[in-house]
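Shown next, in structure tokens, is the structure this report addresses.
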Amino acid sequence: MSPDQYLRKWNLEAPTKLCETQTSHIYKVRFEGKPAVLKMLTPLGSKSEANAGHALKYFGGHGAVRLLADDEGAYLLEFLPGRRLKDLVLSGRDDEATEIAGLVIKRLQDPSRVRLGGFSPKLTPLRENFRALFSLAKNPTSDAVFKRGAEVAERLLATETDVAVLHGDIHHTNIIESEDRGWVALDPSGLIGERTYDVANLFFNPDDLPDLVESRKRVQAVCERLSAQLGFDSKRVLDFAFAYGCLSSAWCLEDGLSPERRLRITYLIDQLR
């Protein structure tokens, strides 16, 4: 993919390729004399990250990276060169990292923002987000954990409260430190649903540190810290984490990947519910 069309469209300069993933090709560029990030979406990214622009417009830089321009094929974002939240975990500061993630979620979910303009109809309702789990649970050959997960998800969705625009994919590499605004979130999925859902993915991350995350003690510590910090009911936190673990395992199966690691943590969460 070439950035030429966006260099012209948004008057960008000095493109330098930073990385390439299944969902995007990312360049550092200059925009209005300042560094910025051009994120060009692949066909897969155009589907999986279609809501990111709507969510970033809603957040308006409040707890999230600032969106400078966008269209259906790309996002132009402010450039944030700081460390990732995962760096704190790697330095032995997992509890502090959890606390920071909670602060970022709190800023993203600031209730005063709901009164400012309402929700975009293009964001994804939480029920639709659980579609893969509900589908898998109907298969008579599926593991019983998926049926239990679907039942828990149905109960949670039927009793949703405190609905907000959700980031939808909060984890330790999607939170970065900004020099002038502190820690902010990147790459939202753009969902609408109960605020509690946004803490669920933190139980499973950093996903390449199994010795840390596959721990009953760690699951309990994350639950207690985030519940107290955000005013969430700890039972619903664990229920959402369990349902999300089943959902993310269903996504793994859809993609032809093993859900074994995700399921190990999901079973730990289930034991504490």
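Lettering and numbering for the structure tokens are positional, with chains as A, B, ... in the shown order, residues counted from 1 in each chain, and ligands counted from 1 in the shown order.
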Compile the contact shell of Arg262 in chain A as a PyMOL selection string: residues with an atom at most 10 Å away, counting only C-alpha atoms, same-chain residues fewer than 6 positions apart removed. chain A and resi 203-205+207+210+214+244-250+252
Next, the residues of the selection above should be written as a compact mmCIF listing (two decimals), in the first residue's frame with N, CA and C atoms.
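Everything below was put into again_20.txt:
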# COMPACT_ATOMS: atom_id res chain seq x y z
N PHE A 203 -7.69 -8.55 32.24
CA PHE A 203 -7.39 -9.81 32.94
C PHE A 203 -6.52 -10.73 32.08
N PHE A 204 -6.56 -10.55 30.77
CA PHE A 204 -5.89 -11.47 29.85
C PHE A 204 -4.58 -10.90 29.31
N ASN A 205 -4.19 -9.73 29.77
CA ASN A 205 -3.02 -9.05 29.21
C ASN A 205 -2.07 -8.56 30.28
N ASP A 207 -0.63 -10.31 26.97
CA ASP A 207 -0.94 -11.68 26.56
C ASP A 207 0.27 -12.55 26.32
N PRO A 210 2.42 -15.24 30.31
CA PRO A 210 1.55 -16.21 30.97
C PRO A 210 1.86 -16.42 32.44
N GLU A 214 -1.70 -15.80 34.21
CA GLU A 214 -2.38 -17.05 34.52
C GLU A 214 -2.22 -17.37 36.00
N TYR A 244 -16.25 -12.41 28.45
CA TYR A 244 -15.30 -11.93 27.44
C TYR A 244 -14.25 -13.00 27.12
N GLY A 245 -13.80 -13.73 28.13
CA GLY A 245 -12.84 -14.80 27.89
C GLY A 245 -13.41 -15.86 26.94
N CYS A 246 -14.70 -16.19 27.12
CA CYS A 246 -15.35 -17.13 26.21
C CYS A 246 -15.48 -16.52 24.82
N LEU A 247 -15.81 -15.23 24.76
CA LEU A 247 -15.94 -14.54 23.47
C LEU A 247 -14.61 -14.51 22.72
N SER A 248 -13.54 -14.11 23.41
CA SER A 248 -12.25 -14.01 22.73
C SER A 248 -11.74 -15.40 22.32
N SER A 249 -12.11 -16.43 23.08
CA SER A 249 -11.77 -17.80 22.68
C SER A 249 -12.55 -18.21 21.43
N ALA A 250 -13.81 -17.75 21.35
CA ALA A 250 -14.60 -18.01 20.14
C ALA A 250 -13.98 -17.31 18.94
N CYS A 252 -10.81 -16.73 18.56
CA CYS A 252 -9.64 -17.54 18.21
C CYS A 252 -10.03 -18.70 17.30
Please return as number ranges by chain: the residues of range 8-164 of chain A that backbone DSSP assigns to strand (DSSP E or B). A: 12-20, 24-31, 34-41, 64, 67-71, 74-78, 84, 124-125, 163-164
Selection to disk with C-alpha atoms, as a PDB file, in the first residue's frame:
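The file below, result.pdb, is the result:
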ATOM      1  CA  LEU A  12       1.301  15.249   4.401  1.00  0.00           C
ATOM      2  CA  GLU A  13       5.075  15.211   4.126  1.00  0.00           C
ATOM      3  CA  ALA A  14       8.113  13.046   4.888  1.00  0.00           C
ATOM      4  CA  PRO A  15       6.490   9.568   5.123  1.00  0.00           C
ATOM      5  CA  THR A  16       8.497   6.937   7.006  1.00  0.00           C
ATOM      6  CA  LYS A  17       7.063   3.452   7.399  1.00  0.00           C
ATOM      7  CA  LEU A  18       6.833   2.396  11.051  1.00  0.00           C
ATOM      8  CA  CYS A  19       5.224  -1.032  10.842  1.00  0.00           C
ATOM      9  CA  GLU A  20       2.839  -3.299   9.003  1.00  0.00           C
ATOM     10  CA  SER A  24      -2.944  -1.634   8.762  1.00  0.00           C
ATOM     11  CA  HIS A  25       0.182  -0.053   7.302  1.00  0.00           C
ATOM     12  CA  ILE A  26       1.459   2.680   9.596  1.00  0.00           C
ATOM     13  CA  TYR A  27       3.626   5.656   8.605  1.00  0.00           C
ATOM     14  CA  LYS A  28       5.121   8.539  10.509  1.00  0.00           C
ATOM     15  CA  VAL A  29       4.438  11.727   8.555  1.00  0.00           C
ATOM     16  CA  ARG A  30       4.450  15.488   9.033  1.00  0.00           C
ATOM     17  CA  PHE A  31       1.125  17.324   9.143  1.00  0.00           C
ATOM     18  CA  LYS A  34       4.204  18.530  13.291  1.00  0.00           C
ATOM     19  CA  PRO A  35       4.765  14.756  13.412  1.00  0.00           C
ATOM     20  CA  ALA A  36       1.657  12.618  12.958  1.00  0.00           C
ATOM     21  CA  VAL A  37       0.747   8.999  12.253  1.00  0.00           C
ATOM     22  CA  LEU A  38      -0.930   7.832   9.059  1.00  0.00           C
ATOM     23  CA  LYS A  39      -2.707   4.532   9.630  1.00  0.00           C
ATOM     24  CA  MET A  40      -3.822   3.003   6.325  1.00  0.00           C
ATOM     25  CA  LEU A  41      -6.277   0.142   6.724  1.00  0.00           C
ATOM     26  CA  ALA A  64      -7.590   8.859  23.855  1.00  0.00           C
ATOM     27  CA  LEU A  67      -7.904  11.995  15.497  1.00  0.00           C
ATOM     28  CA  LEU A  68      -6.727  14.638  13.006  1.00  0.00           C
ATOM     29  CA  ALA A  69      -8.467  13.364   9.852  1.00  0.00           C
ATOM     30  CA  ASP A  70     -10.089  10.201   8.561  1.00  0.00           C
ATOM     31  CA  ASP A  71     -11.907   8.490   5.728  1.00  0.00           C
ATOM     32  CA  ALA A  74      -7.238   5.583   6.777  1.00  0.00           C
ATOM     33  CA  TYR A  75      -6.823   7.530   9.998  1.00  0.00           C
ATOM     34  CA  LEU A  76      -4.482  10.450  10.612  1.00  0.00           C
ATOM     35  CA  LEU A  77      -3.543  10.544  14.292  1.00  0.00           C
ATOM     36  CA  GLU A  78      -1.402  12.639  16.571  1.00  0.00           C
ATOM     37  CA  ARG A  84       3.484   1.735  26.480  1.00  0.00           C
ATOM     38  CA  THR A 124     -21.491  -1.410  17.685  1.00  0.00           C
ATOM     39  CA  PRO A 125     -23.940  -2.472  20.416  1.00  0.00           C
ATOM     40  CA  VAL A 163     -24.343   2.453  29.264  1.00  0.00           C
ATOM     41  CA  ALA A 164     -21.538   4.450  27.614  1.00  0.00           C
TER      42      ALA A 164
END
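Closest to Leu209 in chain A among A:Leu108, A:Leu230, A:Cys223, A:Ile265 is A:Ile265, based on only C-alpha atoms.
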Closest atom pairs, residues of range 112-185 of chain A within 12 Å of range 42-50 of chain A, only C-alpha atoms, as CSV:
residue,atom,partner,partner_atom,distance
A:Lys122,CA,A:Ala50,CA,9.1
A:Leu123,CA,A:Ala50,CA,9.0
A:Thr124,CA,A:Ala50,CA,10.0
A:Asn129,CA,A:Ser48,CA,11.2
A:His167,CA,A:Glu49,CA,11.6
A:Gly168,CA,A:Glu49,CA,11.0
A:Asp169,CA,A:Glu49,CA,10.8
Find the residue from A:Ile100, A:Leu156, A:Leu126, A:Ile175 that sits nearest to Arg236 in chain A; use only C-alpha atoms when measuring. A:Leu156
What gap, in Å, lies between CA of Leu186 in chain A and CA of Phe240 in chain A? 21.8 Å
Can you list, as a PDB file with N, CA and C atoms, in the first residue's frame, every protein, DNA or RNA residue that comes within 12 Å of Ala150 in chain A when you count only C-alpha atoms, leaving out same-chain residues fewer than 5 positions away?
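Printed below is result.pdb as written:
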ATOM      1  N   ARG A 127     -24.298  -6.306  22.432  1.00  0.00           N
ATOM      2  CA  ARG A 127     -24.912  -7.588  22.058  1.00  0.00           C
ATOM      3  C   ARG A 127     -24.366  -8.080  20.717  1.00  0.00           C
ATOM      4  N   PHE A 130     -20.997  -9.734  20.851  1.00  0.00           N
ATOM      5  CA  PHE A 130     -20.949 -11.100  21.381  1.00  0.00           C
ATOM      6  C   PHE A 130     -21.460 -12.138  20.382  1.00  0.00           C
ATOM      7  N   ARG A 131     -21.692 -11.732  19.143  1.00  0.00           N
ATOM      8  CA  ARG A 131     -22.311 -12.604  18.157  1.00  0.00           C
ATOM      9  C   ARG A 131     -21.550 -13.929  17.981  1.00  0.00           C
ATOM     10  N   ALA A 132     -20.230 -13.882  17.937  1.00  0.00           N
ATOM     11  CA  ALA A 132     -19.443 -15.105  17.716  1.00  0.00           C
ATOM     12  C   ALA A 132     -19.643 -16.109  18.847  1.00  0.00           C
ATOM     13  N   LEU A 133     -19.749 -15.623  20.081  1.00  0.00           N
ATOM     14  CA  LEU A 133     -19.959 -16.529  21.216  1.00  0.00           C
ATOM     15  C   LEU A 133     -21.351 -17.149  21.162  1.00  0.00           C
ATOM     16  N   PHE A 134     -22.371 -16.331  20.880  1.00  0.00           N
ATOM     17  CA  PHE A 134     -23.727 -16.856  20.811  1.00  0.00           C
ATOM     18  C   PHE A 134     -23.855 -17.911  19.711  1.00  0.00           C
ATOM     19  N   SER A 135     -23.192 -17.678  18.605  1.00  0.00           N
ATOM     20  CA  SER A 135     -23.231 -18.632  17.496  1.00  0.00           C
ATOM     21  C   SER A 135     -22.554 -19.942  17.883  1.00  0.00           C
ATOM     22  N   LEU A 136     -21.384 -19.844  18.504  1.00  0.00           N
ATOM     23  CA  LEU A 136     -20.640 -21.045  18.894  1.00  0.00           C
ATOM     24  C   LEU A 136     -21.407 -21.839  19.942  1.00  0.00           C
ATOM     25  N   ALA A 137     -22.081 -21.147  20.861  1.00  0.00           N
ATOM     26  CA  ALA A 137     -22.802 -21.826  21.938  1.00  0.00           C
ATOM     27  C   ALA A 137     -23.962 -22.666  21.412  1.00  0.00           C
ATOM     28  N   LYS A 138     -24.474 -22.308  20.234  1.00  0.00           N
ATOM     29  CA  LYS A 138     -25.598 -23.065  19.650  1.00  0.00           C
ATOM     30  C   LYS A 138     -25.145 -24.366  19.007  1.00  0.00           C
ATOM     31  N   ASN A 139     -23.845 -24.503  18.787  1.00  0.00           N
ATOM     32  CA  ASN A 139     -23.314 -25.725  18.178  1.00  0.00           C
ATOM     33  C   ASN A 139     -23.295 -26.841  19.229  1.00  0.00           C
ATOM     34  N   SER A 142     -19.911 -27.924  20.726  1.00  0.00           N
ATOM     35  CA  SER A 142     -19.031 -26.962  21.395  1.00  0.00           C
ATOM     36  C   SER A 142     -18.820 -27.333  22.857  1.00  0.00           C
ATOM     37  N   ASP A 143     -17.668 -26.946  23.378  1.00  0.00           N
ATOM     38  CA  ASP A 143     -17.359 -27.152  24.786  1.00  0.00           C
ATOM     39  C   ASP A 143     -18.405 -26.461  25.653  1.00  0.00           C
ATOM     40  N   ALA A 144     -18.704 -27.074  26.795  1.00  0.00           N
ATOM     41  CA  ALA A 144     -19.729 -26.536  27.705  1.00  0.00           C
ATOM     42  C   ALA A 144     -19.396 -25.136  28.186  1.00  0.00           C
ATOM     43  N   VAL A 145     -18.106 -24.772  28.223  1.00  0.00           N
ATOM     44  CA  VAL A 145     -17.739 -23.442  28.719  1.00  0.00           C
ATOM     45  C   VAL A 145     -18.328 -22.351  27.835  1.00  0.00           C
ATOM     46  N   ARG A 155     -27.381 -12.832  30.377  1.00  0.00           N
ATOM     47  CA  ARG A 155     -27.858 -12.245  31.639  1.00  0.00           C
ATOM     48  C   ARG A 155     -27.311 -10.836  31.825  1.00  0.00           C
ATOM     49  N   LEU A 156     -26.043 -10.641  31.523  1.00  0.00           N
ATOM     50  CA  LEU A 156     -25.439  -9.319  31.673  1.00  0.00           C
ATOM     51  C   LEU A 156     -26.074  -8.305  30.725  1.00  0.00           C
ATOM     52  N   LEU A 157     -26.298  -8.722  29.482  1.00  0.00           N
ATOM     53  CA  LEU A 157     -26.872  -7.822  28.488  1.00  0.00           C
ATOM     54  C   LEU A 157     -28.331  -7.488  28.814  1.00  0.00           C
ATOM     55  N   ASP A 239     -18.005 -11.514  36.046  1.00  0.00           N
ATOM     56  CA  ASP A 239     -18.923 -12.089  35.056  1.00  0.00           C
ATOM     57  C   ASP A 239     -18.595 -11.588  33.652  1.00  0.00           C
ATOM     58  N   PHE A 240     -18.343 -10.276  33.519  1.00  0.00           N
ATOM     59  CA  PHE A 240     -17.978  -9.739  32.205  1.00  0.00           C
ATOM     60  C   PHE A 240     -16.643 -10.317  31.744  1.00  0.00           C
ATOM     61  N   PHE A 242     -15.382 -13.229  32.518  1.00  0.00           N
ATOM     62  CA  PHE A 242     -15.620 -14.619  32.122  1.00  0.00           C
ATOM     63  C   PHE A 242     -16.282 -14.676  30.741  1.00  0.00           C
ATOM     64  N   ALA A 243     -17.340 -13.880  30.540  1.00  0.00           N
ATOM     65  CA  ALA A 243     -18.034 -13.865  29.248  1.00  0.00           C
ATOM     66  C   ALA A 243     -17.091 -13.415  28.136  1.00  0.00           C
ATOM     67  N   TYR A 244     -16.252 -12.406  28.448  1.00  0.00           N
ATOM     68  CA  TYR A 244     -15.299 -11.929  27.438  1.00  0.00           C
ATOM     69  C   TYR A 244     -14.251 -13.003  27.124  1.00  0.00           C
ATOM     70  N   GLY A 245     -13.803 -13.729  28.133  1.00  0.00           N
ATOM     71  CA  GLY A 245     -12.845 -14.804  27.887  1.00  0.00           C
ATOM     72  C   GLY A 245     -13.407 -15.856  26.945  1.00  0.00           C
ATOM     73  N   CYS A 246     -14.696 -16.187  27.123  1.00  0.00           N
ATOM     74  CA  CYS A 246     -15.354 -17.128  26.210  1.00  0.00           C
ATOM     75  C   CYS A 246     -15.480 -16.525  24.820  1.00  0.00           C
ATOM     76  N   LEU A 247     -15.815 -15.229  24.756  1.00  0.00           N
ATOM     77  CA  LEU A 247     -15.938 -14.545  23.467  1.00  0.00           C
ATOM     78  C   LEU A 247     -14.607 -14.512  22.721  1.00  0.00           C
ATOM     79  N   ALA A 250     -13.806 -17.751  21.348  1.00  0.00           N
ATOM     80  CA  ALA A 250     -14.603 -18.007  20.138  1.00  0.00           C
ATOM     81  C   ALA A 250     -13.976 -17.312  18.937  1.00  0.00           C
TER      82      ALA A 250
END
For Arg83 in chain A, please output as a JSON list (two decimals) with N, CA and C atoms, in the first residue's frame all residues within 8 Å (counting only C-alpha atoms; exclusion window: fewer than 2 positions along the same chain).
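Saved result, selection02.json, follows:
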[["chain", "number", "residue", "atom", "x", "y", "z"],
["A", 81, "PRO", "N", 5.10, 9.51, 21.03],
["A", 81, "PRO", "CA", 6.32, 8.69, 21.05],
["A", 81, "PRO", "C", 6.61, 8.04, 22.40],
["A", 85, "LEU", "N", 2.04, 1.04, 28.27],
["A", 85, "LEU", "CA", 1.74, 0.59, 29.63],
["A", 85, "LEU", "C", 2.40, -0.75, 29.92],
["A", 87, "ASP", "N", 5.33, -1.55, 29.33],
["A", 87, "ASP", "CA", 6.68, -1.32, 29.82],
["A", 87, "ASP", "C", 6.72, -1.29, 31.35],
["A", 176, "ILE", "N", -0.70, 4.37, 25.93],
["A", 176, "ILE", "CA", 0.62, 4.97, 25.73],
["A", 176, "ILE", "C", 0.72, 6.28, 26.51],
["A", 177, "GLU", "N", 1.92, 6.62, 26.92],
["A", 177, "GLU", "CA", 2.13, 7.83, 27.71],
["A", 177, "GLU", "C", 2.39, 9.02, 26.81]]
